[in-house]
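Source file: protein.cif; contents: mmCIF, C-alpha atoms and all ligand atoms.
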```
data_run
loop_
_atom_site.group_PDB
_atom_site.id
_atom_site.type_symbol
_atom_site.label_atom_id
_atom_site.label_comp_id
_atom_site.auth_asym_id
_atom_site.auth_seq_id
_atom_site.Cartn_x
_atom_site.Cartn_y
_atom_site.Cartn_z
ATOM 1 C CA MET A 438 9.190 -11.933 -6.823
ATOM 2 C CA ALA A 439 5.806 -10.413 -7.490
ATOM 3 C CA PHE A 440 4.467 -7.063 -8.533
ATOM 4 C CA THR A 441 3.180 -4.976 -5.642
ATOM 5 C CA GLN A 442 1.292 -1.720 -5.261
ATOM 6 C CA ALA A 443 3.254 1.166 -3.825
ATOM 7 C CA PRO A 444 1.396 2.766 -0.912
ATOM 8 C CA LEU A 445 -0.947 5.553 -1.960
ATOM 9 C CA PRO A 446 1.040 8.744 -1.186
ATOM 10 C CA TYR A 447 -1.938 10.331 0.641
ATOM 11 C CA ALA A 448 -5.094 9.271 2.491
ATOM 12 C CA PHE A 449 -8.194 8.156 0.584
ATOM 13 C CA ASP A 450 -9.995 11.358 1.599
ATOM 14 C CA ALA A 451 -7.053 13.674 0.865
ATOM 15 C CA LEU A 452 -8.294 14.721 -2.573
ATOM 16 C CA GLU A 453 -11.756 15.729 -1.322
ATOM 17 C CA PRO A 454 -13.903 17.450 -2.382
ATOM 18 C CA TYR A 455 -12.665 16.982 -5.952
ATOM 19 C CA ILE A 456 -12.239 13.220 -5.793
ATOM 20 C CA ASP A 457 -14.231 11.552 -3.043
ATOM 21 C CA ALA A 458 -12.777 9.154 -0.475
ATOM 22 C CA ARG A 459 -14.986 6.197 -1.393
ATOM 23 C CA THR A 460 -13.997 6.409 -5.055
ATOM 24 C CA MET A 461 -10.310 6.621 -4.125
ATOM 25 C CA GLU A 462 -10.606 3.647 -1.770
ATOM 26 C CA ILE A 463 -12.347 1.437 -4.338
ATOM 27 C CA HIS A 464 -10.088 2.649 -7.124
ATOM 28 C CA TYR A 465 -6.904 1.822 -5.207
ATOM 29 C CA THR A 466 -7.924 -1.264 -3.215
ATOM 30 C CA ALA A 467 -10.128 -2.970 -5.814
ATOM 31 C CA HIS A 468 -9.312 -1.739 -9.307
ATOM 32 C CA HIS A 469 -5.577 -1.066 -9.081
ATOM 33 C CA ALA A 470 -5.043 -4.017 -6.725
ATOM 34 C CA GLY A 471 -6.980 -6.200 -9.161
ATOM 35 C CA TYR A 472 -4.650 -5.332 -12.035
ATOM 36 C CA VAL A 473 -1.640 -6.232 -9.885
ATOM 37 C CA ALA A 474 -3.133 -9.559 -8.747
ATOM 38 C CA LYS A 475 -4.111 -10.546 -12.285
ATOM 39 C CA LEU A 476 -0.699 -9.545 -13.649
ATOM 40 C CA ASN A 477 0.992 -11.719 -11.025
ATOM 41 C CA ALA A 478 -1.300 -14.649 -11.846
ATOM 42 C CA ALA A 479 -0.673 -14.306 -15.577
ATOM 43 C CA LEU A 480 3.107 -14.190 -15.201
ATOM 44 C CA GLU A 481 3.422 -16.913 -12.560
ATOM 45 C CA ALA A 482 5.149 -19.276 -14.994
ATOM 46 C CA TYR A 483 7.479 -16.553 -16.310
ATOM 47 C CA PRO A 484 9.953 -15.655 -13.554
ATOM 48 C CA GLU A 485 12.180 -13.814 -16.034
ATOM 49 C CA LEU A 486 9.276 -11.465 -16.835
ATOM 50 C CA MET A 487 8.305 -11.130 -13.169
ATOM 51 C CA ALA A 488 11.820 -9.870 -12.501
ATOM 52 C CA GLN A 489 11.388 -6.926 -14.872
ATOM 53 C CA PRO A 490 9.900 -3.538 -13.952
ATOM 54 C CA VAL A 491 6.282 -3.282 -15.079
ATOM 55 C CA GLU A 492 7.235 -0.258 -17.182
ATOM 56 C CA ALA A 493 9.653 -2.366 -19.251
ATOM 57 C CA LEU A 494 7.000 -5.032 -19.862
ATOM 58 C CA VAL A 495 4.302 -2.546 -20.895
ATOM 59 C CA ARG A 496 6.744 -0.688 -23.131
ATOM 60 C CA SER A 497 7.547 -3.818 -25.121
ATOM 61 C CA TYR A 498 4.456 -5.978 -24.641
ATOM 62 C CA PRO A 499 4.019 -6.608 -28.415
ATOM 63 C CA ASP A 500 7.330 -8.543 -28.312
ATOM 64 C CA LEU A 501 6.363 -10.765 -25.356
ATOM 65 C CA PRO A 502 5.219 -14.400 -25.671
ATOM 66 C CA GLU A 503 1.674 -14.536 -27.058
ATOM 67 C CA ALA A 504 0.384 -16.318 -23.955
ATOM 68 C CA VAL A 505 1.043 -13.273 -21.764
ATOM 69 C CA ARG A 506 0.739 -10.419 -24.249
ATOM 70 C CA ILE A 507 -2.875 -9.487 -23.564
ATOM 71 C CA ALA A 508 -2.445 -9.810 -19.798
ATOM 72 C CA VAL A 509 0.578 -7.510 -19.828
ATOM 73 C CA ARG A 510 -1.222 -5.036 -22.074
ATOM 74 C CA ASN A 511 -4.323 -4.881 -19.863
ATOM 75 C CA GLN A 512 -3.223 -5.797 -16.326
ATOM 76 C CA GLY A 513 0.344 -4.536 -16.649
ATOM 77 C CA GLY A 514 -0.913 -1.378 -18.311
ATOM 78 C CA GLY A 515 -3.471 -0.973 -15.522
ATOM 79 C CA HIS A 516 -0.757 -1.335 -12.878
ATOM 80 C CA TYR A 517 1.633 1.080 -14.594
ATOM 81 C CA ASN A 518 -1.024 3.677 -15.473
ATOM 82 C CA HIS A 519 -2.545 3.761 -11.983
ATOM 83 C CA THR A 520 0.831 4.015 -10.239
ATOM 84 C CA PHE A 521 1.527 6.980 -12.507
ATOM 85 C CA PHE A 522 -1.907 8.508 -11.887
ATOM 86 C CA TRP A 523 -1.534 8.512 -8.074
ATOM 87 C CA SER A 524 1.860 10.156 -8.406
ATOM 88 C CA ILE A 525 0.707 13.214 -10.347
ATOM 89 C CA MET A 526 -2.028 14.172 -7.883
ATOM 90 C CA THR A 527 -1.597 15.780 -4.472
ATOM 91 C CA PRO A 528 -4.002 17.171 -1.865
ATOM 92 C CA GLY A 529 -5.036 20.659 -2.942
ATOM 93 C CA GLY A 530 -2.845 20.448 -6.049
ATOM 94 C CA LYS A 531 0.416 22.279 -6.735
ATOM 95 C CA ALA A 532 0.332 25.193 -9.166
ATOM 96 C CA GLU A 533 2.273 25.244 -12.416
ATOM 97 C CA SER A 534 5.578 27.148 -12.306
ATOM 98 C CA PRO A 535 6.424 29.957 -14.751
ATOM 99 C CA PHE A 536 8.851 27.487 -16.381
ATOM 100 C CA MET A 537 6.099 24.930 -16.992
ATOM 101 C CA VAL A 538 3.663 27.584 -18.213
ATOM 102 C CA GLN A 539 6.284 28.725 -20.723
ATOM 103 C CA CYS A 540 6.874 25.161 -21.968
ATOM 104 C CA ILE A 541 3.150 24.676 -22.458
ATOM 105 C CA GLU A 542 2.621 28.082 -24.083
ATOM 106 C CA GLN A 543 5.372 27.366 -26.598
ATOM 107 C CA ARG A 544 3.427 24.363 -27.816
ATOM 108 C CA PHE A 545 -0.262 25.256 -27.204
ATOM 109 C CA GLN A 546 -0.257 29.093 -27.378
ATOM 110 C CA THR A 547 -1.887 29.559 -23.981
ATOM 111 C CA PHE A 548 -2.245 27.407 -20.884
ATOM 112 C CA LYS A 549 -6.012 27.598 -21.348
ATOM 113 C CA ASP A 550 -5.670 26.301 -24.918
ATOM 114 C CA PHE A 551 -3.691 23.351 -23.589
ATOM 115 C CA GLN A 552 -6.377 22.606 -21.005
ATOM 116 C CA LYS A 553 -9.080 22.799 -23.670
ATOM 117 C CA GLU A 554 -7.240 20.356 -25.930
ATOM 118 C CA PHE A 555 -6.580 17.993 -23.028
ATOM 119 C CA GLU A 556 -10.216 18.162 -21.903
ATOM 120 C CA ALA A 557 -11.469 17.555 -25.430
ATOM 121 C CA LYS A 558 -9.289 14.445 -25.676
ATOM 122 C CA ALA A 559 -10.460 13.221 -22.273
ATOM 123 C CA VAL A 560 -14.126 13.768 -23.090
ATOM 124 C CA SER A 561 -13.832 12.120 -26.496
ATOM 125 C CA VAL A 562 -12.483 8.792 -25.199
ATOM 126 C CA PHE A 563 -15.265 6.380 -26.110
ATOM 127 C CA GLY A 564 -15.851 3.962 -23.251
ATOM 128 C CA SER A 565 -12.833 3.499 -20.992
ATOM 129 C CA GLY A 566 -9.395 5.005 -21.341
ATOM 130 C CA TRP A 567 -7.022 7.808 -20.524
ATOM 131 C CA ALA A 568 -5.937 11.275 -21.648
ATOM 132 C CA TRP A 569 -2.254 12.140 -21.446
ATOM 133 C CA LEU A 570 0.254 14.928 -21.859
ATOM 134 C CA CYS A 571 3.417 13.321 -23.198
ATOM 135 C CA ILE A 572 6.932 14.101 -24.329
ATOM 136 C CA THR A 573 7.769 12.775 -27.781
ATOM 137 C CA PRO A 574 11.205 11.356 -28.663
ATOM 138 C CA HIS A 575 11.898 14.812 -30.189
ATOM 139 C CA HIS A 576 11.178 16.464 -26.824
ATOM 140 C CA THR A 577 7.941 18.094 -27.970
ATOM 141 C CA LEU A 578 4.677 18.050 -26.013
ATOM 142 C CA GLU A 579 1.728 16.049 -27.293
ATOM 143 C CA VAL A 580 -1.793 15.429 -25.960
ATOM 144 C CA VAL A 581 -2.959 11.889 -26.683
ATOM 145 C CA ALA A 582 -5.734 9.529 -25.641
ATOM 146 C CA THR A 583 -5.476 5.770 -25.110
ATOM 147 C CA SER A 584 -8.167 3.095 -24.881
ATOM 148 C CA ASN A 585 -8.700 0.780 -21.929
ATOM 149 C CA GLN A 586 -5.331 0.339 -20.156
ATOM 150 C CA ASP A 587 -3.127 1.046 -23.144
ATOM 151 C CA SER A 588 -0.231 3.262 -22.154
ATOM 152 C CA PRO A 589 1.647 5.877 -24.188
ATOM 153 C CA ILE A 590 4.976 4.316 -23.203
ATOM 154 C CA THR A 591 4.257 1.479 -25.673
ATOM 155 C CA ASN A 592 4.365 4.110 -28.430
ATOM 156 C CA ASP A 593 7.633 5.624 -27.258
ATOM 157 C CA LEU A 594 5.933 8.581 -25.582
ATOM 158 C CA THR A 595 6.854 9.638 -22.042
ATOM 159 C CA PRO A 596 3.784 10.691 -20.059
ATOM 160 C CA ILE A 597 4.113 13.646 -17.719
ATOM 161 C CA LEU A 598 0.390 14.004 -16.952
ATOM 162 C CA GLY A 599 -2.412 11.457 -17.211
ATOM 163 C CA LEU A 600 -6.113 11.332 -16.449
ATOM 164 C CA ASP A 601 -8.071 8.148 -15.862
ATOM 165 C CA VAL A 602 -11.473 8.533 -17.541
ATOM 166 C CA TRP A 603 -12.760 5.037 -16.776
ATOM 167 C CA GLU A 604 -16.160 5.374 -15.101
ATOM 168 C CA HIS A 605 -14.706 3.662 -12.004
ATOM 169 C CA ALA A 606 -12.646 6.856 -11.514
ATOM 170 C CA TYR A 607 -15.625 9.190 -11.156
ATOM 171 C CA TYR A 608 -19.044 7.536 -11.382
ATOM 172 C CA LEU A 609 -19.908 7.527 -7.647
ATOM 173 C CA LYS A 610 -19.573 11.292 -7.349
ATOM 174 C CA TYR A 611 -20.114 12.546 -10.887
ATOM 175 C CA GLN A 612 -22.251 9.768 -12.452
ATOM 176 C CA SER A 613 -22.212 10.272 -16.212
ATOM 177 C CA LYS A 614 -20.854 13.833 -15.984
ATOM 178 C CA ARG A 615 -17.280 13.177 -17.110
ATOM 179 C CA PRO A 616 -16.630 16.884 -17.899
ATOM 180 C CA SER A 617 -17.442 17.807 -14.264
ATOM 181 C CA TYR A 618 -14.913 15.244 -13.035
ATOM 182 C CA ILE A 619 -12.287 16.642 -15.414
ATOM 183 C CA ASP A 620 -12.972 20.223 -14.223
ATOM 184 C CA ALA A 621 -12.547 19.119 -10.608
ATOM 185 C CA TRP A 622 -9.429 17.044 -11.284
ATOM 186 C CA TRP A 623 -7.361 20.091 -12.337
ATOM 187 C CA HIS A 624 -7.542 21.183 -8.665
ATOM 188 C CA VAL A 625 -5.505 18.184 -7.496
ATOM 189 C CA VAL A 626 -2.847 18.041 -10.218
ATOM 190 C CA ASP A 627 0.683 18.192 -8.833
ATOM 191 C CA TRP A 628 2.400 20.463 -11.356
ATOM 192 C CA ALA A 629 5.672 20.235 -9.410
ATOM 193 C CA LYS A 630 5.692 16.515 -10.193
ATOM 194 C CA VAL A 631 4.743 17.184 -13.823
ATOM 195 C CA GLU A 632 7.706 19.556 -14.086
ATOM 196 C CA GLU A 633 10.026 16.990 -12.500
ATOM 197 C CA LEU A 634 8.918 14.446 -15.135
ATOM 198 C CA TYR A 635 9.276 17.014 -17.920
ATOM 199 C CA ARG A 636 12.804 17.934 -16.863
ATOM 200 C CA ALA A 637 13.818 14.280 -16.576
ATOM 201 C CA ALA A 638 12.419 13.461 -20.031
ATOM 202 C CA CYS A 639 13.987 16.525 -21.700
ATOM 203 C CA ASN A 640 17.242 16.616 -19.700
ATOM 204 C CA THR A 641 16.689 20.218 -18.675
HETATM 205 FE FE FE B 1 -8.672 3.521 -12.909
#
```
Represent the supplied structure as structure tokens.
Amino acid sequence: MAFTQAPLPYAFDALEPYIDARTMEIHYTAHHAGYVAKLNAALEAYPELMAQPVEALVRSYPDLPEAVRIAVRNQGGGHYNHTFFWSIMTPGGKAESPFMVQCIEQRFQTFKDFQKEFEAKAVSVFGSGWAWLCITPHHTLEVVATSNQDSPITNDLTPILGLDVWEHAYYLKYQSKRPSYIDAWWHVVDWAKVEELYRAACNT
């Protein structure tokens, strides 16, 4: 038993021109693959942990044996977060449905207000991390940021949208212009997938 990367659901160049092929290739084959390899190495002596889904490990990493805690937090988080990230993007993007717009407007007034809050969170991450749209245990929407490969699932939040703002996600094309990368990324968000995750989390 070992953790493995699911195939990328589209070609490396499928998100062009918003996310370039070279960045996608390096991101998937070096960065994400690296997290998986290091997670497997760290858990080699723990077959009972290897048998669990990565999501379960990341969710409860503070309760794991100290020897593997940091590896699960960083490498496990990296594996979980990237698998999630690939899944909420699609070539050309898929527009938000009236249902999803209504859900977002109920919480953030307007869709534009939501985007502004999400962008502000993404821009304000100091160093490496992520911005997320999550469902709380009370089924409300919340925009949060996490550092490094920390994941909202550890804090009992269910992500339905997530943006990798590590420089490895955008530096080749956008250099230090993180806001330009964020602007472009909206074009490849799969809002049909976001809605599917929302409905699953809220039982609607
Ligand atoms: Fe990444």
* To do: Write out as number ranges by chain each polymer residue (protein, DNA or RNA) that has an atom no more than 7 Å from ligand FE 1 (chain B), with all atoms listed in the file counted.
  => A: 464, 468-469, 519, 601, 603, 605-606
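Residues in contact with Ala508 in chain A at 8 Å, where only C-alpha atoms are counted and same-chain residues fewer than 5 positions away are skipped, are listed as Lys475, Leu476, Ala479 and Gly513 of chain A.
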* Asked: Out of A:Phe522, A:Tyr465, A:Phe440, A:Phe536, which residue has the shortest atom-to-atom distance to Gln489 in chain A when counting only C-alpha atoms?
  -> A:Phe440
* Asked: Looking at A:Phe449, A:Tyr611, A:Phe563, A:Trp523, which one is nearest to Ile463 in chain A, with distances taken over all atoms listed in the file?
  -> A:Phe449
Could the centre and edge lengths of an axis-aligned box, enclosing all atoms of range 458-467 of chain A in the file with 6 Å extra on each side, be given in Å to one decimal as JSON?
```
{"center_x": -10.9, "center_y": 3.1, "center_z": -3.8, "size_x": 20.1, "size_y": 24.1, "size_z": 18.6}
```
* Picked residues, the PyMOL selection byres (((chain A and resi 490) around 12) and not hetatm), as a PyMOL selection string -> chain A and resi 438-441+485-489+491-497+509+513-514+516-517
* Which residues match the PyMOL selection byres (((chain A and resi 615-630) around 10) and not hetatm) in the file above, as number ranges by chain? -> A: 451-456, 522-534, 537-538, 552, 555-557, 559-560, 597-604, 606-608, 610-614, 631-636
* Just so the selection is clear, what residues does the PyMOL selection byres (((chain A and resi 581-586) around 7) and not hetatm) cover here, as a PyMOL selection string? -> chain A and resi 511+514-515+558-559+562+565-570+579-580+587-588
* Asked: Which polymer residues have any atom within 12 Å of an atom of Arg544 in chain A, counting all atoms listed in the file, with same-chain residues fewer than 3 positions away left out, as a VMD selection string?
  -> chain A and resid 537 to 541 547 to 551 554 570 to 572 576 to 580
* **Atomic distance CA of Asp457 in chain A - CA of Gln442 in chain A, expressed in Å with one decimal** => 20.5 Å
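Interatomic distance, CA of Gln512 in chain A to CA of Ser561 in chain A: 23.2 Å.
Rounded to one decimal, CA of Glu503 in chain A and CA of Ile590 in chain A lie 19.5 Å from each other.
Each of A:Ala478, A:Ala638, A:Leu609, A:Val505 was compared to Pro596 in chain A using only C-alpha atoms, and A:Ala638 turns out to be the nearest.
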